[in-house]
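Asker: Got a structure for you, written out below as structure tokens; questions coming shortly.
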Amino acid sequence: MGAKHYIGLVVLLLLILVTPQAVGNDYYLGMLVFAGINCLACIGLSLLMGYAGQISLGHAAFIGIGAYVSGYLTVKMGVGIWPAMAAGVGGCVLMALVIGIPALKLKGHYLAMATLGFGEILYIVAVAATGITGGPEGINNIPRLRLFGLALDSDTRFFYFTWALVFAGLFFALNLIHSRVGRGLMAVHGSEDAAGSLGVNTARYKIQVFVLSAIYAGIAGSLYAHYVNYIDPGPFGVMHSVLLVTMVAVGGMHYIWGAVGGAVFLSLLPELLSLLSEYFEDTGIQYQSDYDTLIYGAILLLVMLFLPEGIAGGLADLAEKTRKIMDSRGAGTEK
Amino acid sequence: MDSGGQFSDFLQFLFMGIQRGCIYAMVAMGFNIIYNATGIINFAQGEFVVLGGLMMVTLTMVLPLPLPVAFMLTAAFVMAVGVLMERATINPVKNPSVLRLIIITIAVSILIKGLAMLFWGKESRHMRHFSGEESLHVLGATILPQTLWIIGALVLTVGLFVYFFNYTMTGKSMRACAINRDAARLAGINDRNLIMLSFALSAAIGAIAGIIITPVIQMDYGRGALLGLKGFGAAVVGGLGNSFGAVAAGLILGVIEAMAAGYISSHYMDAVALLILLIVLFVRPSGIFGDREAARFKEF
């Protein structure tokens, strides 16, 4: 892992440490907790999309599995929170294997549709299986997390815990892509046939990354359940899967940091826009949450048309060009 | 219940299934047209159906225009959206990766969905049936006149497409492109224009599906994803690119779905078609009807 990443991690760590004091408002801190939860899911998804070249339009379902297993076990079975979270992640691993092994033999459009179908089926089950999931009413009174006897009962505490997990998840992902496994993954993305002929076990790599991304999503889901204390099928539908893909793609598919940036940016965007629209109150423009879908669609389309490598890719390009211009100038003056 | 009652129940579910199946068949044909011309699966296919339905509601219920006029205007509007989509988002992108194309059509689908919500609101929109809501009685079961319209629309659309793809120069050029693009180009066919035409045709067929189903299901902005997904299911089960397969598979999926709803549980109805889609994708991605040879020679 290069020095750049270490500098990035240190900056992120400092940001995490000062944010609660700087924000000082539980509502906005709560938004940042949700942003962190999306970050976790997006880091996993970016490993799958950017580094293994496989798309999943069903990742919200894994978040749902994490949340529902956690919620069901703690509320209805009286299981402790940590074992319940572990079970949630275990459920994700299991489901990722069941779906991933046949699905990852598919490519491109087929894989996208298969994962979309899978996500939709789980959503239908979450609504219909009222005996287990509570149906549209969901599960109430899910307990808050406790850490070493310390209840994470304030938004500040939960913020630190969530972002500590994001930090750990990011650190792990960055290490992974700079390892032998990561190089194998990138080879799979470049050309599956070429990678295969060079002895990379492409099928196994793809499954492993799929499972890993499901684990990230499962942790995000459990965290969500124990933060909001209430779950219903709503947030785990296809639209959220698409939103996760949007976050990763807008941030930059081939950059893990892009997933973090994209997730934070798009999670906070509706709030930012409604804040912004308050300044323009006189003009009669008022931002409503009804515009969210439109804004996300427009941003995703513009980024895909004009910045296919996402915002992170655009920045990297810009840095590269600036460096070249500086170099050529430098070369010019030497003469 | 006596056996007569059981039979009329069965018949009732069958009618329901055929009605749904016709729509899946038309959505599947829409997928195939673009797939054959470009190799792209258009994730905004379901949105064409929604736009068709909602536009028709506005033209017939709000303005109100006579049905045939509203029908033509709606079809023209959705075709324009299809053409705009192709010109603005597909045509300008050079050498795109499959992943990027998928995300582009997804982005268009979210964009259309967001706009539809803004213009038409979130609630379901009601539309008058084409020729009354008085049910016809057939062997103890009832059938809505609208269902007959739906079946008629499918038959007519299939007929028009058979004619277009087999007996017109443009249709034949599109088939030639689907079979071998380079050879078609060498023969002087402008494939860029045909790609635009494929989006227009695909949008038209989506619009027709939306127009005829709306009186029965009441359209809302959010229905596109599920309609698209099930239509894609029909396209895959029928063998992607094979439109006769799509029609057969659409009807079969619709009937299975209605039977599952009638005899097992209506809560899981929507999951049935998707489950079949997954099983077919996992076991036999070339589809049930298409053997590999037929899949290569994309008929229609």
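Chain labels run A, B, ... following the order of the structure tokens; each chain numbers its residues from 1, and ligands are numbered from 1 in the order shown.
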Extract, using only C-alpha atoms, all DNA, RNA and protein residues at most 6 Å from Val255 of chain B, discarding same-chain residues fewer than 4 positions from it, and format them as a ChimeraX atom specification.

Answerer: /B:14,17-18

Asker: List as a tab-separated table every residue of chain B that is in contact with chain A, defined as an atom at most 6 Å from one of its atoms (using only C-alpha atoms), together with the nearest atom pair and the distance in Å rounded to one decimal, sorted by chain and then rising number.

Answerer:
residue	atom	partner	partner_atom	distance
B:Ile104	CA	A:Leu301	CA	5.9
B:Ala107	CA	A:Gly297	CA	4.9
B:Ile110	CA	A:Gly297	CA	4.8
B:Leu111	CA	A:Gly297	CA	4.4
B:Gly114	CA	A:Leu294	CA	4.1
B:His267	CA	A:Ala128	CA	5.6
B:Ala271	CA	A:Ile121	CA	5.2
B:Leu274	CA	A:Gly117	CA	5.7
B:Leu278	CA	A:Ala114	CA	6.0
B:Phe282	CA	A:Pro102	CA	5.6

Asker: For atom CA of Ile195 of chain B and atom CA of Thr38 of chain B, quote the distance in Å rounded to one decimal.

Answerer: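 That distance, rounded to one decimal, is 6.6 Å.
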
Asker: Tell me, which residues of segment 72-268 of chain B carry DSSP alpha helix (DSSP H), written as a PyMOL selection string?

Answerer: chain B and resi 72-85+98-120+145-167+169-179+181-186+191-217+224-237+243-263

Asker: For a test of reading the model, state the distance in Å between atom CA of Asp317 of chain A and atom CA of Leu47 of chain A, rounded to one decimal.

Answerer: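 That distance, rounded to one decimal, is 21.0 Å.
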
Asker: Nearest residue to Arg192 of chain B out of B:Ile90, B:Ile33, B:Ala80, B:Leu160, using only C-alpha atoms?

Answerer: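 The answer is B:Ile90, which sits nearest to Arg192 of chain B.
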
Asker: Please provide as a list of chain:residue names all residues within 9 Å of Asn38 of chain A, with the sequence filter that same-chain residues fewer than 3 positions apart are discarded (counting only C-alpha atoms).

Answerer: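 Close residues of Asn38 of chain A: A:Val33, A:Phe34, A:Ala35, A:Ala41, A:Cys42, A:Ile43, A:Ala217, A:Ala220, A:Leu244, A:Met247, A:Val260, A:Ala263, A:Val264, A:Ser267.
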
Asker: Tell me which protein, DNA and RNA residues are within 8 Å of Ile212 of chain B, counting only C-alpha atoms, leaving out same-chain ones fewer than 4 positions away, and put them as a VMD selection string.

Answerer: chain B and resid 53 146 149 to 150 153 208

Asker: Using the selection just defined, write its residues with N, CA and C atoms as a compact mmCIF listing (two decimals), in the first residue's frame.

Answerer:
# COMPACT_ATOMS: atom_id res chain seq x y z
N GLY B 53 -48.53 4.55 -20.01
CA GLY B 53 -49.74 4.53 -19.19
C GLY B 53 -50.09 5.91 -18.65
N GLN B 146 -61.62 -5.26 -21.35
CA GLN B 146 -60.26 -4.74 -21.48
C GLN B 146 -59.27 -5.87 -21.74
N TRP B 149 -59.16 -6.46 -25.27
CA TRP B 149 -58.34 -5.42 -25.90
C TRP B 149 -56.86 -5.75 -25.79
N ILE B 150 -56.48 -6.21 -24.59
CA ILE B 150 -55.06 -6.51 -24.35
C ILE B 150 -54.59 -7.64 -25.27
N ALA B 153 -54.37 -6.38 -28.73
CA ALA B 153 -53.20 -5.52 -28.94
C ALA B 153 -51.95 -6.36 -29.15
N ILE B 208 -47.48 1.00 -25.93
CA ILE B 208 -48.74 0.28 -26.18
C ILE B 208 -49.09 -0.60 -24.97

Asker: Show which residues sit within 10 Å of Ala204 of chain B, as a PyMOL selection string. Count only C-alpha atoms, and ignore same-chain residues fewer than 6 positions away.

Answerer: chain B and resi 30+48-49+52+72+74-82+198+210

Asker: Taking N, CA and C atoms for each residue, export the selection above as a CSV table (one decimal), in the first residue's frame.

Answerer:
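What follows is the written file result_13.csv:
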chain,number,residue,atom,x,y,z
B,30,GLY,N,-40.0,-5.7,-26.5
B,30,GLY,CA,-39.2,-4.4,-26.5
B,30,GLY,C,-37.8,-4.6,-26.2
B,48,PHE,N,-40.7,2.9,-20.2
B,48,PHE,CA,-41.5,3.2,-21.3
B,48,PHE,C,-43.0,2.8,-21.1
B,49,VAL,N,-43.2,1.6,-20.4
B,49,VAL,CA,-44.5,1.2,-20.1
B,49,VAL,C,-45.2,2.2,-19.2
B,52,GLY,N,-46.0,5.4,-21.1
B,52,GLY,CA,-47.2,5.2,-21.9
B,52,GLY,C,-48.5,5.3,-21.1
B,72,MET,N,-52.4,7.7,-30.4
B,72,MET,CA,-51.3,8.0,-31.3
B,72,MET,C,-50.4,9.0,-30.6
B,74,THR,N,-49.8,9.5,-27.5
B,74,THR,CA,-49.0,8.9,-26.4
B,74,THR,C,-47.8,8.0,-27.0
B,75,ALA,N,-48.2,7.2,-28.0
B,75,ALA,CA,-47.1,6.4,-28.7
B,75,ALA,C,-46.0,7.3,-29.2
B,76,ALA,N,-46.4,8.4,-29.9
B,76,ALA,CA,-45.5,9.4,-30.5
B,76,ALA,C,-44.6,10.0,-29.4
B,77,PHE,N,-45.2,10.3,-28.2
B,77,PHE,CA,-44.4,10.9,-27.1
B,77,PHE,C,-43.4,9.9,-26.6
B,78,VAL,N,-43.8,8.7,-26.3
B,78,VAL,CA,-42.9,7.7,-25.8
B,78,VAL,C,-41.8,7.4,-26.8
B,79,MET,N,-42.1,7.3,-28.1
B,79,MET,CA,-41.1,7.1,-29.1
B,79,MET,C,-40.1,8.2,-29.1
B,80,ALA,N,-40.6,9.4,-28.9
B,80,ALA,CA,-39.7,10.5,-28.9
B,80,ALA,C,-38.7,10.4,-27.7
B,81,VAL,N,-39.2,9.9,-26.6
B,81,VAL,CA,-38.4,9.7,-25.4
B,81,VAL,C,-37.3,8.7,-25.7
B,82,GLY,N,-37.8,7.6,-26.4
B,82,GLY,CA,-36.8,6.5,-26.8
B,82,GLY,C,-35.7,7.0,-27.7
B,198,SER,N,-34.5,1.3,-33.5
B,198,SER,CA,-34.8,0.2,-32.6
B,198,SER,C,-35.3,0.7,-31.3
B,210,GLY,N,-48.2,-0.1,-21.9
B,210,GLY,CA,-48.7,0.7,-20.8
B,210,GLY,C,-50.1,1.2,-21.0

Asker: Need to verify the contact set: segment 14-24 of chain A, 8 Å, only C-alpha atoms, exclusion of same-chain residues closer than 5 positions in sequence. Can you return it as a CSV table (one decimal) with C-alpha atoms, in the first residue's frame?

Answerer:
chain,number,residue,atom,x,y,z
A,29,LEU,CA,-24.4,13.6,13.2
A,156,THR,CA,-21.6,11.0,19.0
A,159,PHE,CA,-20.8,8.1,15.1
A,160,TYR,CA,-17.4,7.1,16.4
A,163,TRP,CA,-16.8,5.4,11.4

Asker: In terms of the shortest atom-to-atom distance over only C-alpha atoms, which of B:Ile189, B:Ile264, B:Ile252, B:Ala44 is closest to Leu101 of chain B?

Answerer: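 Looking at the shortest contact to Leu101 of chain B, the residue is B:Ala44.
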
Asker: Determine the nearest neighbour of Gly131 of chain A from the options A:His189, A:Lys76, A:Ile63, A:Ala194, counting only C-alpha atoms.

Answerer: A:Lys76

Asker: Using DSSP on the backbone coordinates, identify the residues of segment 53-270 of chain B assigned to strand (DSSP E); present them as a list of chain:residue names.

Answerer: B:Leu136, B:His137, B:Val138, B:Ala141, B:Thr142, B:Ile143

Asker: Give the answer as one residue: which of A:Leu145, A:Met95, A:Ile37, A:Ile177 has the shortest atom-to-atom distance to Gly58 of chain A, using only C-alpha atoms?

Answerer: A:Met95

Asker: If you measure from atom CA of Ala67 of chain A to atom CA of Ala203 of chain A, what distance in Å do you get, rounded to one decimal?

Answerer: 28.7 Å

Asker: Ile217 of chain B: which residues within 9 Å, counting only C-alpha atoms, same-chain residues fewer than 3 positions away excluded, as a list of chain:residue names?

Answerer: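 In the requested format, the answer is B:Ser124, B:His126, B:Ile213, B:Thr214.
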
Asker: Just the selected residues (all heavy atoms), exported as a PDB file, in the first residue's frame, please.

Answerer:
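Printed below is selection_29.pdb as written:
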ATOM      1  N   SER B 124     -51.464   6.276  -7.552  1.00  0.00           N
ATOM      2  CA  SER B 124     -51.848   5.518  -8.739  1.00  0.00           C
ATOM      3  C   SER B 124     -52.853   6.331  -9.533  1.00  0.00           C
ATOM      4  O   SER B 124     -53.704   7.002  -8.964  1.00  0.00           O
ATOM      5  CB  SER B 124     -52.503   4.192  -8.348  1.00  0.00           C
ATOM      6  OG  SER B 124     -51.633   3.461  -7.557  1.00  0.00           O
ATOM      7  N   HIS B 126     -55.901   6.504 -12.245  1.00  0.00           N
ATOM      8  CA  HIS B 126     -56.988   5.680 -12.748  1.00  0.00           C
ATOM      9  C   HIS B 126     -57.299   6.054 -14.195  1.00  0.00           C
ATOM     10  O   HIS B 126     -57.193   7.200 -14.590  1.00  0.00           O
ATOM     11  CB  HIS B 126     -58.222   5.906 -11.874  1.00  0.00           C
ATOM     12  CG  HIS B 126     -59.462   5.335 -12.445  1.00  0.00           C
ATOM     13  ND1 HIS B 126     -59.751   3.991 -12.399  1.00  0.00           N
ATOM     14  CD2 HIS B 126     -60.491   5.916 -13.115  1.00  0.00           C
ATOM     15  CE1 HIS B 126     -60.906   3.783 -12.998  1.00  0.00           C
ATOM     16  NE2 HIS B 126     -61.379   4.924 -13.450  1.00  0.00           N
ATOM     17  N   ILE B 213     -52.735  -1.654 -20.435  1.00  0.00           N
ATOM     18  CA  ILE B 213     -52.817  -2.305 -19.115  1.00  0.00           C
ATOM     19  C   ILE B 213     -53.298  -1.324 -18.040  1.00  0.00           C
ATOM     20  O   ILE B 213     -53.855  -1.718 -17.020  1.00  0.00           O
ATOM     21  CB  ILE B 213     -51.461  -2.936 -18.715  1.00  0.00           C
ATOM     22  CG1 ILE B 213     -51.617  -3.887 -17.521  1.00  0.00           C
ATOM     23  CG2 ILE B 213     -50.421  -1.899 -18.354  1.00  0.00           C
ATOM     24  CD1 ILE B 213     -52.421  -5.126 -17.801  1.00  0.00           C
ATOM     25  N   THR B 214     -53.098  -0.029 -18.268  1.00  0.00           N
ATOM     26  CA  THR B 214     -53.400   0.956 -17.225  1.00  0.00           C
ATOM     27  C   THR B 214     -54.847   0.918 -16.709  1.00  0.00           C
ATOM     28  O   THR B 214     -55.064   1.026 -15.503  1.00  0.00           O
ATOM     29  CB  THR B 214     -53.016   2.370 -17.689  1.00  0.00           C
ATOM     30  OG1 THR B 214     -51.615   2.373 -17.954  1.00  0.00           O
ATOM     31  CG2 THR B 214     -53.317   3.402 -16.631  1.00  0.00           C
TER      32      THR B 214
END

Asker: Could you check the closest approach to Ala70 of chain B for each of B:Ile256, B:Ile288, B:Leu148, B:Ala207 and tell me which residue wins, using only C-alpha atoms?

Answerer: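 Closest residue, counting only C-alpha atoms: B:Ala207.
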